[in-house]
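Visitor: What follows is run16.cif; its format and atoms are mmCIF, C-alpha atoms.
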data_upload
loop_
_atom_site.group_PDB
_atom_site.id
_atom_site.type_symbol
_atom_site.label_atom_id
_atom_site.label_comp_id
_atom_site.auth_asym_id
_atom_site.auth_seq_id
_atom_site.Cartn_x
_atom_site.Cartn_y
_atom_site.Cartn_z
ATOM 1 C CA MET M 27 55.287 1.696 133.446
ATOM 2 C CA ALA M 28 54.816 2.357 129.753
ATOM 3 C CA VAL M 29 55.868 -0.318 127.288
ATOM 4 C CA PRO M 30 58.819 1.028 125.301
ATOM 5 C CA GLY M 31 58.582 1.223 121.547
ATOM 6 C CA PRO M 32 60.766 -0.848 119.197
ATOM 7 C CA ARG M 33 63.254 2.015 118.733
ATOM 8 C CA THR M 34 63.698 2.411 122.505
ATOM 9 C CA LEU M 35 64.159 -1.343 122.880
ATOM 10 C CA MET M 36 66.771 -1.404 120.123
ATOM 11 C CA VAL M 37 68.706 1.452 121.751
ATOM 12 C CA ALA M 38 68.610 -0.353 125.105
ATOM 13 C CA ILE M 39 69.829 -3.597 123.538
ATOM 14 C CA LEU M 40 72.634 -1.792 121.722
ATOM 15 C CA ALA M 41 73.703 0.080 124.853
ATOM 16 C CA ALA M 42 73.743 -3.111 126.919
ATOM 17 C CA ALA M 43 75.713 -4.991 124.282
ATOM 18 C CA LEU M 44 78.315 -2.248 123.949
ATOM 19 C CA THR M 45 78.547 -1.951 127.745
ATOM 20 C CA TYR M 46 79.394 -5.657 128.004
ATOM 21 C CA GLY M 47 82.170 -5.458 125.438
ATOM 22 C CA CYS M 48 80.523 -6.573 122.227
ATOM 23 C CA SER M 49 82.081 -5.169 119.081
ATOM 24 C CA PRO M 50 79.937 -3.025 116.756
ATOM 25 C CA VAL M 51 79.897 -5.919 114.259
ATOM 26 C CA GLU M 52 78.663 -8.361 116.939
ATOM 27 C CA VAL M 53 76.006 -5.839 117.981
ATOM 28 C CA ALA M 54 74.850 -5.372 114.384
ATOM 29 C CA VAL M 55 74.680 -9.125 113.749
ATOM 30 C CA GLY M 56 72.833 -9.744 117.039
ATOM 31 C CA ALA M 57 70.367 -6.918 116.449
ATOM 32 C CA GLY M 58 69.739 -8.122 112.913
ATOM 33 C CA ALA M 59 69.179 -11.681 114.099
ATOM 34 C CA ALA M 60 66.780 -10.520 116.836
ATOM 35 C CA THR M 61 64.828 -8.450 114.316
ATOM 36 C CA GLY M 62 64.713 -11.390 111.891
ATOM 37 C CA VAL M 63 63.432 -13.717 114.611
ATOM 38 C CA ALA M 64 60.721 -11.242 115.639
ATOM 39 C CA ALA M 65 59.711 -10.658 112.011
ATOM 40 C CA SER M 66 59.276 -14.385 111.344
ATOM 41 C CA GLN M 67 57.013 -14.952 114.340
ATOM 42 C CA GLU M 68 53.243 -15.011 113.852
ATOM 43 C CA ARG M 69 52.829 -12.168 116.350
ATOM 44 C CA GLY M 70 55.011 -9.682 114.397
ATOM 45 C CA ILE M 71 57.828 -7.343 115.381
ATOM 46 C CA LEU M 72 55.883 -4.797 117.445
ATOM 47 C CA THR M 73 53.946 -7.372 119.483
ATOM 48 C CA SER M 74 57.120 -9.387 119.998
ATOM 49 C CA ALA M 75 58.947 -6.279 121.241
ATOM 50 C CA LYS M 76 56.083 -5.427 123.620
ATOM 51 C CA ASP M 77 56.019 -8.991 124.957
ATOM 52 C CA THR M 78 59.782 -8.894 125.535
ATOM 53 C CA ALA M 79 59.446 -5.589 127.393
ATOM 54 C CA ILE M 80 56.644 -6.999 129.563
ATOM 55 C CA SER M 81 58.738 -10.061 130.407
ATOM 56 C CA PHE M 82 61.744 -7.916 131.352
ATOM 57 C CA GLN M 83 59.571 -5.657 133.512
ATOM 58 C CA ILE M 84 58.066 -8.628 135.387
ATOM 59 C CA GLN M 85 61.523 -10.060 136.010
ATOM 60 C CA GLU M 86 62.809 -6.669 137.129
ATOM 61 C CA LEU M 87 59.970 -6.373 139.662
ATOM 62 C CA TRP M 88 60.700 -9.880 140.950
ATOM 63 C CA PHE M 89 64.411 -9.069 141.250
ATOM 64 C CA ARG M 90 63.806 -5.809 143.111
ATOM 65 C CA THR M 91 61.285 -7.459 145.447
ATOM 66 C CA ASN M 92 62.983 -10.767 146.228
ATOM 67 C CA HIS M 93 66.140 -12.255 144.691
ATOM 68 C CA GLU M 94 64.926 -15.764 145.497
ATOM 69 C CA MET M 95 61.694 -15.101 143.584
ATOM 70 C CA PHE M 96 63.714 -13.894 140.605
ATOM 71 C CA GLY M 97 65.944 -16.977 140.718
ATOM 72 C CA LYS M 98 63.191 -19.575 141.026
ATOM 73 C CA LEU M 99 60.538 -18.270 138.652
ATOM 74 C CA SER M 100 60.233 -17.860 134.904
ATOM 75 C CA THR M 101 57.868 -15.987 132.642
ATOM 76 C CA SER M 102 56.883 -16.388 129.012
ATOM 77 C CA VAL M 103 54.821 -13.648 127.381
ATOM 78 C CA SER M 104 52.775 -13.917 124.196
ATOM 79 C CA GLU M 105 50.369 -11.196 123.062
ATOM 80 C CA GLY M 106 50.332 -9.667 126.546
ATOM 81 C CA ARG M 107 49.530 -13.019 128.196
ATOM 82 C CA ALA M 108 52.155 -13.857 130.847
ATOM 83 C CA LEU M 109 52.714 -17.476 131.845
ATOM 84 C CA LEU M 110 54.416 -17.711 135.246
ATOM 85 C CA THR M 111 56.176 -20.981 136.095
ATOM 86 C CA GLY M 112 58.629 -22.305 138.646
ATOM 87 C CA LYS M 113 58.775 -23.770 142.135
ATOM 88 C CA VAL M 114 58.703 -21.953 145.468
ATOM 89 C CA GLN M 115 58.478 -23.173 149.063
ATOM 90 C CA ASP M 116 56.510 -20.214 150.410
ATOM 91 C CA PRO M 117 52.867 -19.810 149.220
ATOM 92 C CA GLU M 118 53.104 -16.068 149.937
ATOM 93 C CA MET M 119 55.919 -15.766 147.379
ATOM 94 C CA ARG M 120 53.616 -17.314 144.777
ATOM 95 C CA VAL M 121 50.895 -14.754 145.540
ATOM 96 C CA GLU M 122 53.388 -11.859 145.505
ATOM 97 C CA ALA M 123 54.851 -12.949 142.145
ATOM 98 C CA VAL M 124 51.389 -12.862 140.553
ATOM 99 C CA LYS M 125 50.540 -9.472 142.081
ATOM 100 C CA LEU M 126 53.783 -8.012 140.742
ATOM 101 C CA ALA M 127 53.120 -9.377 137.235
ATOM 102 C CA TRP M 128 49.709 -7.662 137.167
ATOM 103 C CA GLN M 129 51.406 -4.301 137.872
ATOM 104 C CA VAL M 130 53.123 -4.212 134.465
ATOM 105 C CA ASP M 131 51.449 -2.109 131.770
ATOM 106 C CA GLY M 132 50.308 -4.105 128.767
ATOM 107 C CA ILE M 133 49.403 -7.257 130.707
ATOM 108 C CA ALA M 134 46.212 -8.788 129.328
ATOM 109 C CA GLU M 135 46.293 -12.013 131.364
ATOM 110 C CA VAL M 136 48.473 -13.635 134.023
ATOM 111 C CA ILE M 137 48.509 -17.426 133.979
ATOM 112 C CA ASN M 138 49.753 -18.694 137.330
ATOM 113 C CA GLU M 139 51.413 -22.112 137.078
ATOM 114 C CA ILE M 140 53.852 -21.544 139.955
ATOM 115 C CA GLU M 141 54.041 -24.643 142.145
ATOM 116 C CA VAL M 142 54.447 -24.614 145.908
ATOM 117 C CA VAL M 143 56.707 -27.540 146.847
ATOM 118 C CA ASN M 144 58.612 -28.655 149.924
ATOM 119 C CA THR M 145 61.924 -29.122 148.135
ATOM 120 C CA GLY M 146 63.192 -29.575 144.622
ATOM 121 C CA SER M 147 66.138 -31.805 143.850
ATOM 122 C CA LEU M 148 68.958 -31.235 141.418
ATOM 123 C CA VAL M 149 67.843 -34.375 139.574
ATOM 124 C CA ASP M 150 64.346 -32.909 139.066
ATOM 125 C CA SER M 151 65.797 -29.658 137.716
ATOM 126 C CA ALA M 152 68.132 -31.542 135.372
ATOM 127 C CA ARG M 153 65.260 -33.714 134.150
ATOM 128 C CA ASP M 154 63.098 -30.629 133.460
ATOM 129 C CA PHE M 155 65.968 -29.012 131.545
ATOM 130 C CA TRP M 156 66.430 -32.230 129.528
ATOM 131 C CA ILE M 157 62.716 -32.327 128.632
ATOM 132 C CA THR M 158 62.711 -28.690 127.501
ATOM 133 C CA THR M 159 65.880 -29.168 125.435
ATOM 134 C CA GLN M 160 64.609 -32.360 123.793
ATOM 135 C CA LEU M 161 61.247 -30.821 122.961
ATOM 136 C CA ARG M 162 62.877 -27.680 121.519
ATOM 137 C CA GLY M 163 64.990 -29.938 119.286
ATOM 138 C CA HIS M 164 61.967 -31.930 118.100
ATOM 139 C CA LEU M 165 60.055 -28.746 117.255
ATOM 140 C CA THR M 166 63.031 -27.162 115.504
ATOM 141 C CA PHE M 167 63.587 -30.136 113.204
ATOM 142 C CA ASP M 168 59.919 -30.825 112.422
ATOM 143 C CA LYS M 169 59.319 -29.163 109.056
ATOM 144 C CA ASP M 170 55.574 -28.903 109.747
ATOM 145 C CA ILE M 171 56.084 -26.755 112.857
ATOM 146 C CA ARG M 172 57.218 -23.132 113.045
ATOM 147 C CA SER M 173 59.107 -23.661 116.304
ATOM 148 C CA ILE M 174 59.913 -19.987 116.759
ATOM 149 C CA ASN M 175 56.267 -19.361 117.684
ATOM 150 C CA TYR M 176 56.468 -21.480 120.853
ATOM 151 C CA SER M 177 57.956 -21.051 124.293
ATOM 152 C CA ILE M 178 58.444 -24.080 126.517
ATOM 153 C CA ASP M 179 58.712 -24.260 130.298
ATOM 154 C CA THR M 180 58.987 -27.521 132.224
ATOM 155 C CA VAL M 181 58.350 -27.804 135.959
ATOM 156 C CA ASN M 182 58.360 -31.173 137.756
ATOM 157 C CA GLY M 183 57.731 -33.040 134.513
ATOM 158 C CA THR M 184 54.846 -30.795 133.448
ATOM 159 C CA VAL M 185 55.438 -29.114 130.091
ATOM 160 C CA PHE M 186 53.857 -25.693 129.656
ATOM 161 C CA LEU M 187 53.451 -24.471 126.073
ATOM 162 C CA MET M 188 52.819 -20.840 125.161
ATOM 163 C CA GLY M 189 52.610 -19.114 121.790
ATOM 164 C CA ILE M 190 50.694 -19.125 118.524
ATOM 165 C CA ALA M 191 50.016 -22.149 116.305
ATOM 166 C CA ARG M 192 49.402 -21.610 112.609
ATOM 167 C CA ASP M 193 46.577 -24.169 112.755
ATOM 168 C CA GLN M 194 45.185 -26.958 114.940
ATOM 169 C CA ALA M 195 47.200 -29.633 113.111
ATOM 170 C CA GLU M 196 50.443 -27.854 114.013
ATOM 171 C CA LEU M 197 49.385 -27.530 117.657
ATOM 172 C CA ASP M 198 48.503 -31.240 117.741
ATOM 173 C CA ARG M 199 52.001 -32.094 116.415
ATOM 174 C CA VAL M 200 53.636 -29.907 119.075
ATOM 175 C CA THR M 201 51.546 -31.460 121.857
ATOM 176 C CA ASN M 202 52.274 -34.999 120.621
ATOM 177 C CA HIS M 203 56.022 -34.314 120.545
ATOM 178 C CA ALA M 204 55.792 -33.197 124.190
ATOM 179 C CA ARG M 205 53.648 -36.133 125.324
ATOM 180 C CA ASN M 206 55.979 -38.688 123.744
ATOM 181 C CA LEU M 207 59.084 -37.581 125.657
ATOM 182 C CA ALA M 208 60.382 -39.611 128.578
ATOM 183 C CA TYR M 209 59.668 -38.194 132.065
ATOM 184 C CA VAL M 210 56.790 -35.952 130.881
ATOM 185 C CA ARG M 211 53.917 -36.267 133.349
ATOM 186 C CA ARG M 212 51.511 -33.928 131.589
ATOM 187 C CA VAL M 213 51.318 -31.187 128.956
ATOM 188 C CA VAL M 214 49.510 -27.894 129.559
ATOM 189 C CA SER M 215 48.920 -25.733 126.498
ATOM 190 C CA TYR M 216 48.255 -22.010 126.510
ATOM 191 C CA VAL M 217 48.857 -21.833 122.771
ATOM 192 C CA ARG M 218 46.441 -19.808 120.673
ATOM 193 C CA VAL M 219 45.524 -21.068 117.194
ATOM 194 C CA ALA M 220 45.878 -18.284 114.596
ATOM 195 C CA ALA M 221 42.594 -17.243 112.992
#
Do you think you could lay out the structure here as structure tokens?

Guide:
Amino acid sequence: MAVPGPRTLMVAILAAALTYGCSPVEVAVGAGAATGVAASQERGILTSAKDTAISFQIQELWFRTNHEMFGKLSTSVSEGRALLTGKVQDPEMRVEAVKLAWQVDGIAEVINEIEVVNTGSLVDSARDFWITTQLRGHLTFDKDIRSINYSIDTVNGTVFLMGIARDQAELDRVTNHARNLAYVRRVVSYVRVAA
């Protein structure tokens, strides 16, 4: 599969939005906001668009292969590096999810953080959601952090960070915010420090 260019992605986004009943004004505002977000990220518009396309393609492969896989797993992509997270009961599903991710054009690295667990409770899922939400809030309101450059996934109290830090001091602030939250067991960073 070839990674679509920014123009193709924009057409697809517009078509999907219009299909689901968005007005032309809502589409224009949403497209403008998405472009503004991509432009303000360290990785730039084109890389951001490619990463989004890679993420969608991985999720599409998961969906077509196994609906349970699609529902239980998440992916974050930064500069062609895909971080796979989530919880599954079947070790074979974990292996299959990784194999499918490697099939997508533009993948530079697949980071497999999918956990094989017996069961996951609703309380655990709610706690993970709470951690992610709290951390996103801390990063957003910290004036020394460009929060838009980070993606956050939390699985069983482990916080996975992905993205690009402007410098080591910023990355240290992000990591400290994560470590200081209640219920966080550990923090795993796949963040690259900008040169």

Visitor: Since I can't run it myself right now, could you work out what the PyMOL selection byres ((chain M and resi 214) around 10) selects here and report it as a list in words?

Guide: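 Applied to this file, the PyMOL selection byres ((chain M and resi 214) around 10) returns Glu139, Asp179, Thr180, Thr184, Val185, Phe186, Leu187, Met188, Thr201, Ala204, Arg212, Val213, Ser215, Tyr216 and Val217 of chain M.
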
Visitor: Write the selection just made, keeping C-alpha atoms, as a JSON list (two decimals), in the frame of the given file?

Guide:
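Printed below is out-v2.json as written:
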[["chain", "number", "residue", "atom", "x", "y", "z"],
["M", 139, "GLU", "CA", 51.41, -22.11, 137.08],
["M", 179, "ASP", "CA", 58.71, -24.26, 130.30],
["M", 180, "THR", "CA", 58.99, -27.52, 132.22],
["M", 184, "THR", "CA", 54.85, -30.80, 133.45],
["M", 185, "VAL", "CA", 55.44, -29.11, 130.09],
["M", 186, "PHE", "CA", 53.86, -25.69, 129.66],
["M", 187, "LEU", "CA", 53.45, -24.47, 126.07],
["M", 188, "MET", "CA", 52.82, -20.84, 125.16],
["M", 201, "THR", "CA", 51.55, -31.46, 121.86],
["M", 204, "ALA", "CA", 55.79, -33.20, 124.19],
["M", 212, "ARG", "CA", 51.51, -33.93, 131.59],
["M", 213, "VAL", "CA", 51.32, -31.19, 128.96],
["M", 215, "SER", "CA", 48.92, -25.73, 126.50],
["M", 216, "TYR", "CA", 48.26, -22.01, 126.51],
["M", 217, "VAL", "CA", 48.86, -21.83, 122.77]]

Visitor: Expanded to explicit residues, what is the PyMOL selection byres ((chain M and resi 155-168) around 9) for this file, as a ChimeraX atom specification?

Guide: /M:150-154,169-174,176-181,183,185,199-200,203-204,207-210

Visitor: With distances taken over only C-alpha atoms, which residue among M:Leu109, M:Met95, M:Val114, M:Val121 lies nearest Ile137 in chain M?

Guide: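 Checking each candidate against Ile137 in chain M, we get M:Leu109 as the closest.
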
Visitor: By how many Å are CA of Leu72 in chain M and CA of Ile133 in chain M apart?

Guide: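 Separating CA of Leu72 in chain M from CA of Ile133 in chain M is a distance of 15.0 Å.
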
Visitor: Could you check how far CA of Gly97 in chain M sits from CA of Asp116 in chain M, in Å to one decimal?

Guide: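 It comes out at 13.9 Å.
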